[in-house]
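Everything below concerns the one structure shown next.
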Amino acid sequence: MPTSWIHRPFRGLFAGIGFLCKVAIAAWAALAIYYSNLPWPWVRLALSLAFGVFSIWALWLARTRRALLVFAGVFLCILGWFLSLRPTHDRQWRPDVAVMPRAYIDGDRVRITGVRDFDYHTAHDFTIRHEERDVSISHLTSIDFFVAYFLPPFVAHTFLSFNFDNAPPLCISIEKRLDVDTSFDAVASLFRQFELIYVVGDERDIVRLRTNFRHEDVYMYHIRTTPERARRLFQIYLHRINQLADRPEFYHLLSNNCTINIVRYARIAGKPKRIDLRHLLNGLIDSYLYSMGLIDTNLPFEELRPRSRINDAAHAADNAPDFSERIRAAIPPRESLTIPPLAVPHG
């Protein structure tokens, strides 16, 4: 009797864990069917609901070995189909993500094709323009980090600008690649529905689109790093740009998105490994950068953050040739930064 009393809470715990695992497996498979590539939405919905009803019967009502084996067989078929999905470059892409950039590296010199420099009239009306950019790795001096809020305060888009002493900044934004008939769905992105693209562009395109036309609150921070570490991170980006041009990948909300990839590449470039919830709740990523000493800590964060908002400066600059200089003039200057010995580029 005493032994049974002691084991009872553990049996309840294991039963609860088993129940949650069954719910997770059934829910994942039902969503995988719903967000599949079957062309008819009503068929996807009907099959997803049918699988849900079947799961309830097999896992909770029938409680027989045969029912569990049938469920396992059906689930393995869904999993096998899911794993068979492959990303592609062959879709009718939206114009803003239609061109995959590529980097041609010749020692210190880099020529990048497919650099986006659109002239926007509205967020959805623009003149398409792509160009080539030639930069020298040895002239790369620093990195700037942008946080653009589209679902504040917890969800944002993050991207980088690489700064050169003899050329305009080069902005690189890791984004989902949408075709003309698709709109983004966060849940669908967990089920291999969107491809990935590294948009390389001018700041008057990538930054100004978000500040002046999408009306997102955009914050810009100078990263505390050395030129050598900035160049190392840039070379990682160049490698990934070419890798993606050669072999498409799926965008994934949790494992292959803008912020997660920035963190991943910064670790490769030398940043100490540290897992933080703010990597996923990336609207809080600037507080993480501050806590790591990777942005200006000469000011209290509560003062630094509002001073780092660039929307007013971006609206005033609009399409001016000196757009990049004017948005940087609005935030605390880079010259005030002192680089600690262990500071490395975080995105």
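Chain labels run A, B, ... following the order of the structure tokens; each chain numbers its residues from 1, and ligands are numbered from 1 in the order shown.
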
> If you count only C-alpha atoms, which residues fall within 12 Å of Phe75 (chain A), apart from same-chain ones fewer than 2 positions away, as a list in words?
Replying inline: Lys22, Ile25, Ala26, Ala27, Trp28, Ala29, Ala30, Ala32, Ile33, Phe51, Gly52, Phe54, Ser55, Ala58, Leu68, Leu69, Val70, Phe71, Ala72, Gly73, Cys77, Ile78, Leu79, Gly80, Trp81 and Phe82 of chain A

>> If we count only C-alpha atoms and set the cut-off at 12 Å, which residues sit around Ala98 (chain A), ignoring sequence neighbours fewer than 6 positions away in its own chain? Please answer as number ranges by chain.
In response: A: 89-92, 114-116, 128-130, 176-180, 195-199, 245

> Running DSSP on the backbone, which parts of region 94-291 of chain A land in strand (DSSP E), as a count of residues only?
Replying inline: 67

> Which distance in Å separates CA of Tyr219 (chain A) and CA of Arg274 (chain A), to one decimal?
Replying inline: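 Atom-to-atom, CA of Tyr219 (chain A) to CA of Arg274 (chain A), that is 23.2 Å.
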
> Can you list, as a ChimeraX atom specification, every protein, DNA or RNA residue that comes within 7 Å of region 299-314 of chain A when you count only C-alpha atoms, leaving out same-chain residues fewer than 3 positions away?
Replying inline: /A:208,211-212,217-221,296,317-318,326-327,330-331

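Residue nearest Arg111 (chain A), chosen from A:Asn163, A:Thr127, A:Asn242, A:Asn256 and counting only C-alpha atoms: A:Asn242.
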
> In terms of the shortest atom-to-atom distance over only C-alpha atoms, which of A:Asp117, A:Asp125, A:Asp134, A:Glu203 is closest to Ala103 (chain A)?
Replying inline: A:Asp134

>> What's around Phe145 (chain A) at 8 Å? Count only C-alpha atoms, leave out sequence neighbours fewer than 4 positions away in its own chain, and write the answer as a list of chain:residue names.
In response: A:Thr158, A:Phe159, A:Leu160, A:Ser161, A:Met220, A:Tyr221, A:His222, A:Ile223, A:Gly347

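With CA of Cys21 (chain A) on one side and CA of Ile56 (chain A) on the other, the separation reads 13.2 Å.
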
>> Please list as JSON, numbers by chain every residue within 12 Å of Ile105 (chain A), counting only C-alpha atoms and excluding residues in the same chain fewer than 6 positions away.
In response: {"A": [111, 112, 113, 133, 134, 135, 136, 137, 234, 235, 238, 239, 241, 242]}

Residue selection dump (N, CA and C atoms) as a PDB file, in the first residue's frame:
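Contents of part.pdb, freshly written:
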```pdb
ATOM      1  N   ARG A 111      31.612  40.790 -56.347  1.00  0.00           N
ATOM      2  CA  ARG A 111      30.560  41.349 -57.199  1.00  0.00           C
ATOM      3  C   ARG A 111      29.266  40.613 -56.879  1.00  0.00           C
ATOM      4  N   ILE A 112      28.250  41.371 -56.492  1.00  0.00           N
ATOM      5  CA  ILE A 112      26.971  40.789 -56.100  1.00  0.00           C
ATOM      6  C   ILE A 112      25.927  41.192 -57.131  1.00  0.00           C
ATOM      7  N   THR A 113      25.261  40.206 -57.702  1.00  0.00           N
ATOM      8  CA  THR A 113      24.188  40.461 -58.662  1.00  0.00           C
ATOM      9  C   THR A 113      22.837  40.325 -57.970  1.00  0.00           C
ATOM     10  N   ARG A 133      26.525  45.170 -57.549  1.00  0.00           N
ATOM     11  CA  ARG A 133      27.358  45.955 -56.642  1.00  0.00           C
ATOM     12  C   ARG A 133      28.734  45.308 -56.540  1.00  0.00           C
ATOM     13  N   ASP A 134      29.760  46.130 -56.592  1.00  0.00           N
ATOM     14  CA  ASP A 134      31.131  45.680 -56.359  1.00  0.00           C
ATOM     15  C   ASP A 134      31.606  46.257 -55.038  1.00  0.00           C
ATOM     16  N   VAL A 135      32.065  45.387 -54.148  1.00  0.00           N
ATOM     17  CA  VAL A 135      32.581  45.829 -52.861  1.00  0.00           C
ATOM     18  C   VAL A 135      33.888  45.099 -52.580  1.00  0.00           C
ATOM     19  N   SER A 136      34.658  45.675 -51.674  1.00  0.00           N
ATOM     20  CA  SER A 136      35.913  45.061 -51.237  1.00  0.00           C
ATOM     21  C   SER A 136      35.776  44.664 -49.779  1.00  0.00           C
ATOM     22  N   ILE A 137      36.061  43.406 -49.491  1.00  0.00           N
ATOM     23  CA  ILE A 137      35.931  42.915 -48.122  1.00  0.00           C
ATOM     24  C   ILE A 137      36.822  43.709 -47.175  1.00  0.00           C
ATOM     25  N   PHE A 234      30.367  38.790 -42.811  1.00  0.00           N
ATOM     26  CA  PHE A 234      29.985  39.106 -44.184  1.00  0.00           C
ATOM     27  C   PHE A 234      30.302  37.937 -45.117  1.00  0.00           C
ATOM     28  N   GLN A 235      31.455  37.324 -44.927  1.00  0.00           N
ATOM     29  CA  GLN A 235      31.831  36.189 -45.762  1.00  0.00           C
ATOM     30  C   GLN A 235      30.917  34.993 -45.533  1.00  0.00           C
ATOM     31  N   LEU A 238      27.887  35.758 -47.566  1.00  0.00           N
ATOM     32  CA  LEU A 238      28.131  35.546 -48.992  1.00  0.00           C
ATOM     33  C   LEU A 238      28.051  34.061 -49.335  1.00  0.00           C
ATOM     34  N   HIS A 239      28.624  33.234 -48.476  1.00  0.00           N
ATOM     35  CA  HIS A 239      28.568  31.790 -48.698  1.00  0.00           C
ATOM     36  C   HIS A 239      27.124  31.296 -48.681  1.00  0.00           C
ATOM     37  N   ILE A 241      24.402  33.058 -49.295  1.00  0.00           N
ATOM     38  CA  ILE A 241      23.697  33.578 -50.468  1.00  0.00           C
ATOM     39  C   ILE A 241      23.903  32.658 -51.661  1.00  0.00           C
ATOM     40  N   ASN A 242      25.140  32.260 -51.900  1.00  0.00           N
ATOM     41  CA  ASN A 242      25.423  31.373 -53.023  1.00  0.00           C
ATOM     42  C   ASN A 242      24.868  29.973 -52.802  1.00  0.00           C
TER      43      ASN A 242
END
```

> Using only C-alpha atoms, which residues sit within 10 Å of Pro169 (chain A) once same-chain residues fewer than 3 positions away are excluded, as a ChimeraX atom specification?
Replying inline: /A:135,140,142-144,160-166,172,201-203,324-325

Please produce a file of those selected residues containing C-alpha atoms, as a tab-separated table (two decimals), in the first residue's frame.
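Result file is selection-v3.tsv:
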```
chain	number	residue	atom	x	y	z
A	135	VAL	CA	32.58	45.83	-52.86
A	140	LEU	CA	34.13	46.64	-44.70
A	142	SER	CA	31.20	47.84	-39.32
A	143	ILE	CA	27.70	46.36	-39.00
A	144	ASP	CA	24.34	47.90	-38.16
A	160	LEU	CA	21.71	43.82	-41.10
A	161	SER	CA	23.61	46.44	-43.01
A	162	PHE	CA	27.29	45.98	-43.77
A	163	ASN	CA	29.15	49.29	-43.91
A	164	PHE	CA	32.12	50.12	-46.14
A	165	ASP	CA	34.48	53.08	-46.08
A	166	ASN	CA	34.39	53.44	-49.88
A	172	ILE	CA	20.89	41.94	-46.32
A	201	GLY	CA	19.54	45.67	-51.40
A	202	ASP	CA	20.06	49.35	-50.93
A	203	GLU	CA	18.89	50.85	-47.63
A	324	SER	CA	21.83	56.20	-45.21
A	325	GLU	CA	23.81	59.08	-43.75
```

> Which parts of region 69-105 of chain A does DSSP call alpha helix (DSSP H) when run on the backbone here, written out as a ChimeraX atom specification?
Replying inline: /A:69-84

>> For a quick check of understanding, using only C-alpha atoms, which of A:Leu233, A:Trp60, A:Glu131, A:Val110 has the smallest distance to Val23 (chain A)?
In response: A:Trp60

> Please, what distance in Å, to one decimal, runs between CA of Tyr290 (chain A) and CA of Ile275 (chain A)?
Replying inline: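 Going from CA of Tyr290 (chain A) over to CA of Ile275 (chain A) covers 15.1 Å.
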